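Dropping structure_20.txt in here (compact mmCIF, C-alpha atoms):
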# COMPACT_ATOMS: atom_id res chain seq x y z
CA MET P 1 20.06 -24.14 -8.80
CA GLY P 2 18.86 -20.55 -8.60
CA LYS P 3 16.63 -19.24 -5.86
CA ILE P 4 12.89 -18.99 -6.24
CA ILE P 5 10.63 -16.48 -4.52
CA LEU P 6 6.85 -16.39 -4.34
CA ILE P 7 5.17 -12.98 -3.94
CA VAL P 8 1.58 -13.14 -2.68
CA ASP P 9 -0.43 -9.91 -2.92
CA ASP P 10 -3.80 -8.99 -4.39
CA SER P 11 -2.30 -5.75 -5.74
CA SER P 12 -0.42 -6.20 -9.00
CA THR P 13 1.25 -2.87 -8.23
CA MET P 14 2.66 -4.15 -4.98
CA ARG P 15 3.87 -7.36 -6.60
CA LYS P 16 5.80 -5.24 -9.12
CA ILE P 17 7.10 -2.94 -6.37
CA VAL P 18 8.28 -5.87 -4.26
CA ASN P 19 9.93 -7.39 -7.31
CA ARG P 20 11.73 -4.13 -8.03
CA SER P 21 12.78 -3.69 -4.39
CA LEU P 22 14.27 -7.18 -4.37
CA ARG P 23 16.42 -6.35 -7.39
CA GLN P 24 17.46 -3.02 -5.89
CA ALA P 25 18.36 -4.77 -2.65
CA GLY P 26 20.72 -6.99 -4.60
CA LEU P 27 18.67 -10.10 -3.90
CA GLU P 28 18.89 -12.17 -7.05
CA PHE P 29 16.21 -14.70 -7.81
CA ASP P 30 16.17 -16.89 -10.86
CA THR P 31 12.43 -17.24 -10.68
CA VAL P 32 9.81 -14.89 -9.27
CA LEU P 33 6.42 -16.50 -8.84
CA GLU P 34 3.29 -14.43 -8.17
CA ALA P 35 -0.08 -15.17 -6.63
CA GLY P 36 -3.06 -12.87 -6.12
CA ASP P 37 -4.22 -14.32 -2.81
CA GLY P 38 -3.60 -17.12 -0.37
CA GLN P 39 -5.63 -19.68 -2.31
CA GLU P 40 -3.72 -19.00 -5.52
CA ALA P 41 -0.52 -19.35 -3.52
CA MET P 42 -1.61 -22.72 -2.10
CA ASP P 43 -2.54 -23.93 -5.59
CA LEU P 44 0.82 -22.82 -6.93
CA LEU P 45 2.69 -24.43 -4.02
CA ALA P 46 1.25 -27.81 -4.98
CA ASN P 47 3.77 -27.87 -7.81
CA GLU P 48 6.39 -25.25 -6.96
CA LYS P 49 8.66 -25.08 -3.93
CA PRO P 50 10.10 -21.56 -3.58
CA ASP P 51 12.97 -20.78 -1.26
CA ILE P 52 11.03 -17.96 0.40
CA ILE P 53 7.56 -16.40 0.32
CA LEU P 54 6.56 -12.75 0.71
CA SER P 55 2.91 -12.39 1.57
CA ASP P 56 0.48 -9.55 2.11
CA ILE P 57 -1.83 -9.95 5.09
CA ASN P 58 -5.07 -8.40 3.86
CA MET P 59 -6.20 -10.24 0.75
CA PRO P 60 -9.56 -11.46 -0.54
CA ASN P 61 -10.47 -15.11 -0.87
CA MET P 62 -7.75 -16.33 1.52
CA ASP P 63 -5.89 -13.73 3.56
CA GLY P 64 -2.35 -13.97 4.86
CA ILE P 65 -3.42 -15.43 8.20
CA GLU P 66 -5.43 -18.26 6.62
CA PHE P 67 -2.61 -18.84 4.16
CA LEU P 68 -0.17 -19.37 7.05
CA LYS P 69 -2.58 -21.79 8.72
CA ASN P 70 -3.06 -23.81 5.53
CA LYS P 71 0.65 -23.82 4.77
CA ALA P 72 1.46 -25.07 8.28
CA ASN P 73 -0.79 -28.08 7.70
CA ASP P 74 1.07 -29.15 4.57
CA ALA P 75 4.26 -31.09 5.34
CA SER P 76 5.68 -30.41 1.88
CA ILE P 77 5.68 -26.64 2.31
CA LYS P 78 5.44 -25.91 6.04
CA ASP P 79 9.14 -25.15 6.39
CA ILE P 80 9.34 -22.55 3.60
CA PRO P 81 9.99 -19.20 5.33
CA VAL P 82 7.28 -16.57 4.95
CA VAL P 83 7.79 -12.83 5.42
CA MET P 84 4.64 -10.77 5.80
CA VAL P 85 4.18 -7.39 4.11
CA THR P 86 1.89 -4.91 5.79
CA THR P 87 1.24 -1.18 5.96
CA GLU P 88 2.61 1.04 8.69
CA GLY P 89 -0.89 1.45 10.04
CA GLY P 90 -1.84 -2.17 9.67
CA SER P 91 -3.27 -4.21 12.50
CA GLN P 92 -0.57 -5.11 15.02
CA ASP P 93 -2.78 -7.96 16.15
CA MET P 94 -2.58 -9.50 12.69
CA VAL P 95 1.18 -9.05 12.59
CA ASP P 96 1.46 -10.73 16.00
CA GLN P 97 -0.84 -13.52 14.86
CA SER P 98 1.26 -14.01 11.72
CA MET P 99 4.40 -14.39 13.79
CA SER P 100 2.70 -16.86 16.13
CA LEU P 101 1.64 -18.88 13.07
CA GLY P 102 5.23 -19.21 11.95
CA ALA P 103 5.97 -16.12 9.84
CA SER P 104 9.70 -15.42 9.85
CA GLY P 105 9.46 -11.64 9.75
CA CYS P 106 7.52 -8.60 8.66
CA VAL P 107 8.21 -5.72 6.28
CA LYS P 108 6.13 -2.58 6.63
CA LYS P 109 5.22 -0.32 3.73
CA PRO P 110 6.72 2.09 2.80
CA PHE P 111 9.96 0.13 2.71
CA THR P 112 13.36 0.74 1.20
CA PRO P 113 15.35 -1.95 -0.62
CA ASP P 114 17.74 -2.01 2.36
CA GLN P 115 14.85 -2.76 4.74
CA VAL P 116 13.76 -5.63 2.50
CA ASN P 117 17.31 -6.97 2.41
CA GLU P 118 17.57 -6.71 6.18
CA VAL P 119 14.63 -9.04 6.68
CA LEU P 120 14.99 -11.41 3.73
CA GLY P 121 18.77 -11.64 3.49
CA PRO P 122 19.31 -13.78 6.59
CA LEU P 123 16.55 -16.16 5.50
CA LEU P 124 18.11 -17.00 2.14
CA MET U 1 -2.59 18.03 16.03
CA ASP U 2 -1.26 19.61 12.85
CA PHE U 3 -2.49 17.12 10.29
CA ALA U 4 -1.20 19.23 7.41
CA GLU U 5 2.32 18.76 8.72
CA LYS U 6 1.76 15.02 9.16
CA ILE U 7 0.37 14.76 5.62
CA VAL U 8 3.46 16.50 4.27
CA ASP U 9 5.79 14.22 6.25
CA VAL U 10 4.15 10.93 5.26
CA THR U 11 3.67 11.96 1.62
CA LYS U 12 7.33 12.89 1.26
CA GLU U 13 8.40 9.66 2.95
CA ILE U 14 6.18 7.39 0.88
CA PHE U 15 6.87 9.04 -2.44
CA GLY U 16 10.56 9.25 -1.69
CA THR U 17 10.83 5.66 -0.48
CA MET U 18 8.48 3.70 -2.71
CA ILE U 19 8.57 5.70 -5.94
CA MET U 20 11.82 7.58 -5.38
CA VAL U 21 10.14 10.79 -6.45
CA ASP U 22 10.76 14.14 -4.80
CA VAL U 23 7.61 16.03 -3.95
CA THR U 24 7.27 19.67 -2.98
CA ALA U 25 4.48 20.57 -0.60
CA GLY U 26 2.45 23.74 -0.94
CA GLU U 27 0.36 25.59 1.59
CA PRO U 28 -2.85 23.83 2.64
CA LEU U 29 -5.86 24.95 0.61
CA SER U 30 -7.98 27.67 2.15
CA GLU U 31 -11.11 26.45 0.38
CA HIS U 32 -12.40 22.91 0.18
CA LYS U 33 -12.17 21.25 -3.22
CA SER U 34 -14.68 18.57 -4.14
CA ARG U 35 -15.16 18.91 -7.91
CA PHE U 36 -12.62 17.44 -10.25
CA GLN U 37 -12.19 17.23 -14.00
CA CYS U 38 -10.22 14.66 -15.98
CA SER U 39 -8.89 13.36 -12.71
CA LEU U 40 -8.60 10.32 -10.53
CA SER U 41 -9.30 10.16 -6.80
CA ALA U 42 -8.16 7.27 -4.62
CA MET U 43 -9.84 7.12 -1.23
CA VAL U 44 -9.32 5.10 1.94
CA GLY U 45 -11.93 5.41 4.65
CA PHE U 46 -11.41 4.92 8.34
CA ALA U 47 -13.76 4.27 11.24
CA GLY U 48 -13.66 3.56 14.92
CA PHE U 49 -12.45 6.21 17.33
CA LYS U 50 -12.61 8.70 14.45
CA GLN U 51 -14.47 8.52 11.14
CA GLY U 52 -13.37 10.01 7.88
CA ASN U 53 -11.25 9.46 4.84
CA LEU U 54 -7.89 10.06 3.22
CA THR U 55 -8.04 10.89 -0.46
CA LEU U 56 -5.37 11.30 -3.09
CA HIS U 57 -6.55 13.43 -6.04
CA ALA U 58 -4.55 13.71 -9.26
CA PRO U 59 -5.23 14.88 -12.80
CA ASP U 60 -5.05 12.06 -15.34
CA ALA U 61 -1.59 13.01 -16.59
CA VAL U 62 -0.18 13.12 -13.07
CA ALA U 63 -1.81 9.81 -12.13
CA ARG U 64 -0.30 8.21 -15.24
CA GLY U 65 3.08 9.78 -14.51
CA LEU U 66 3.13 8.60 -10.90
CA THR U 67 2.15 5.10 -12.02
CA GLN U 68 5.01 5.10 -14.52
CA ASP U 69 7.38 6.09 -11.69
CA PHE U 70 5.84 3.45 -9.42
CA LEU U 71 5.93 0.58 -11.88
CA GLY U 72 8.78 1.59 -14.17
CA MET U 73 6.67 1.13 -17.28
CA GLU U 74 4.93 3.33 -19.86
CA VAL U 75 1.28 4.11 -19.16
CA GLU U 76 -0.78 5.62 -21.95
CA SER U 77 -4.19 5.79 -20.34
CA ILE U 78 -5.98 5.42 -17.02
CA ASN U 79 -6.18 1.67 -16.72
CA GLU U 80 -6.20 -0.99 -14.03
CA ASP U 81 -2.52 -0.45 -13.33
CA VAL U 82 -3.10 3.26 -12.67
CA GLU U 83 -6.11 2.59 -10.47
CA ASP U 84 -4.20 -0.07 -8.54
CA ALA U 85 -1.10 2.10 -8.11
CA MET U 86 -3.03 5.15 -6.94
CA GLY U 87 -5.14 3.01 -4.63
CA GLU U 88 -1.96 1.54 -3.17
CA LEU U 89 -0.50 5.02 -2.63
CA ALA U 90 -3.66 6.12 -0.85
CA ASN U 91 -3.51 2.93 1.23
CA MET U 92 0.05 3.67 2.32
CA LEU U 93 -0.74 7.32 3.06
CA ALA U 94 -3.71 6.32 5.20
CA GLY U 95 -1.67 3.62 6.90
CA SER U 96 1.06 6.07 7.80
CA LEU U 97 -1.44 8.62 9.13
CA LYS U 98 -3.41 6.04 11.10
CA PRO U 99 -1.24 6.24 14.24
CA PHE U 100 -1.86 9.99 14.37
CA ILE U 101 -5.62 9.64 13.89
CA SER U 102 -5.82 6.91 16.50
CA SER U 103 -5.05 7.73 20.08
CA GLU U 104 -4.82 6.16 23.47
CA ASN U 105 -8.59 6.69 23.63
CA GLY U 106 -9.34 4.49 20.65
CA LYS U 107 -8.14 3.09 17.38
CA VAL U 108 -9.29 3.40 13.80
CA GLU U 109 -9.39 0.73 11.13
CA LEU U 110 -8.91 1.37 7.44
CA SER U 111 -11.12 0.42 4.55
CA LEU U 112 -9.97 -0.98 1.23
CA PRO U 113 -9.03 1.73 -1.26
CA SER U 114 -11.69 2.98 -3.67
CA VAL U 115 -10.83 4.74 -6.90
CA VAL U 116 -12.99 7.17 -8.85
CA HIS U 117 -12.02 8.43 -12.26
CA GLY U 118 -13.77 10.51 -14.87
CA GLU U 119 -14.11 13.64 -16.93
CA GLU U 120 -16.04 15.41 -14.20
CA TYR U 121 -17.13 14.28 -10.75
CA THR U 122 -17.88 15.59 -7.30
CA LEU U 123 -16.95 13.91 -4.03
CA THR U 124 -19.15 14.86 -1.11
CA VAL U 125 -18.73 14.05 2.55
CA VAL U 126 -22.25 13.74 3.87
CA ASN U 127 -21.52 14.57 7.48
CA LYS U 128 -19.89 17.74 8.73
CA ALA U 129 -16.19 17.19 8.82
CA ASP U 130 -12.99 18.98 9.61
CA TRP U 131 -10.72 18.87 6.61
CA VAL U 132 -7.25 19.70 5.40
CA ILE U 133 -6.06 19.48 1.79
CA VAL U 134 -2.39 19.81 0.96
CA PRO U 135 -1.18 20.40 -2.60
CA PHE U 136 2.01 18.76 -3.83
CA THR U 137 4.09 19.22 -6.93
CA VAL U 138 6.03 16.56 -8.80
CA SER U 139 7.64 16.59 -12.23
CA HIS U 140 4.36 15.47 -13.84
CA GLY U 141 2.29 18.20 -12.23
CA ASP U 142 0.31 18.80 -9.07
CA PHE U 143 -1.76 16.49 -6.89
CA LEU U 144 -3.70 16.84 -3.66
CA VAL U 145 -3.80 14.83 -0.45
CA GLY U 146 -6.90 15.48 1.61
CA LEU U 147 -7.92 14.32 5.05
CA GLU U 148 -11.48 14.65 6.33
CA ILE U 149 -12.49 13.77 9.89
CA LYS U 150 -16.08 13.82 11.06
CA LYS U 151 -16.78 16.55 13.58
CA GLN U 152 -17.38 15.12 17.03
Go ahead and render the structure in this file as structure tokens.
Amino acid sequence: MGKIILIVDDSSTMRKIVNRSLRQAGLEFDTVLEAGDGQEAMDLLANEKPDIILSDINMPNMDGIEFLKNKANDASIKDIPVVMVTTEGGSQDMVDQSMSLGASGCVKKPFTPDQVNEVLGPLL
Amino acid sequence: MDFAEKIVDVTKEIFGTMIMVDVTAGEPLSEHKSRFQCSLSAMVGFAGFKQGNLTLHAPDAVARGLTQDFLGMEVESINEDVEDAMGELANMLAGSLKPFISSENGKVELSLPSVVHGEEYTLTVVNKADWVIVPFTVSHGDFLVGLEIKKQ
């Protein structure tokens, strides 16, 4: 069965960019799921079980931190690895909090396909 | 600190890394530019230790061209995709400059990007601010990256 990835970001541009970077990094996914915020991701995860999740931190409705907290409380999805995507100047506190809530890694924008592969590859 | 040099460095890095587009930097403008025609401006504000904004200004054709490079798809008009892409570029530029605006004396936090687009508009910083605007050239044309910091 092919691998499934869920990309969570309120920017449709970034979801496309991440998708493109994954292909350029040689990471093949049979299915790429997308969600515009943490709540959409939680709704989607009720029926889909991706192999890995890439999530922005700053999002409306439910941000990346709240998403991690909600995910951790759901036995059916708590073990799916999540990699956070943030900007170079993003809050280090939020990155640290993400890691303490179980995020498996962090990718900072701007990123190259190789940098994406470096973080995601070992998790797949 | 030479913010013009930092703007050149981060712009080249971001455009080269995320869009894979080569940009050529020009000399910083000697006069402030605040009026734009048939253009789009994407702005990210910052506050805290310093207050100000980072703005990416591009004529419509350049904004469409950069979005095409960013997304790998045809763009015929200024639409949500263009606004989102330019806002995201401004966000990354501001994020990369943030460490240089912050200091050991205090940090700054960034706002969400705002995008203005129209046939003719003027952007005015109400308070007195130090500014630097660097022009860049890509295959689609020229764009500007401006940084304004409120005078202390």
**Request:** When you get a sec, could you note down which chain U residues fall within 9 Å of chain P, using all atoms listed in the file, as a list in words?
**Result:** Glu13, Ile14, Phe15, Thr17, Met18, Ile19, Thr67, Phe70, Leu71, Gly72, Asp81, Val82, Asp84, Ala85, Glu88, Asn91, Met92, Ala94, Gly95, Ser96, Leu97, Lys98, Pro99, Glu109 and Leu110 of chain U
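With atom CA of U:Asp9 on one side and atom CA of U:Leu93 on the other, the separation reads 10.0 Å.
Across the model, the gap from atom CA of U:Ser103 to atom CA of U:Val115 is 27.8 Å.
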**Message:** Measuring between all atoms listed in the file, which one of U:Thr11, U:Thr137, U:Ser102, U:Thr24 shows the shortest distance to U:Pro59?
**Reply:** U:Thr137
Do you know which residues are at most 12 Å from U:Lys150 counting only C-alpha atoms, after dropping those on the same chain fewer than 6 positions away, and could you put them as a compact mmCIF listing (two decimals) with C-alpha atoms, in the frame of the given file?
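The resulting selection07.txt:
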# COMPACT_ATOMS: atom_id res chain seq x y z
CA GLY U 45 -11.93 5.41 4.65
CA PHE U 46 -11.41 4.92 8.34
CA ALA U 47 -13.76 4.27 11.24
CA GLY U 48 -13.66 3.56 14.92
CA PHE U 49 -12.45 6.21 17.33
CA LYS U 50 -12.61 8.70 14.45
CA GLN U 51 -14.47 8.52 11.14
CA GLY U 52 -13.37 10.01 7.88
CA ASN U 53 -11.25 9.46 4.84
CA LEU U 54 -7.89 10.06 3.22
CA ILE U 101 -5.62 9.64 13.89
CA VAL U 125 -18.73 14.05 2.55
CA VAL U 126 -22.25 13.74 3.87
CA ASN U 127 -21.52 14.57 7.48
CA LYS U 128 -19.89 17.74 8.73
CA ALA U 129 -16.19 17.19 8.82
CA ASP U 130 -12.99 18.98 9.61
CA TRP U 131 -10.72 18.87 6.61
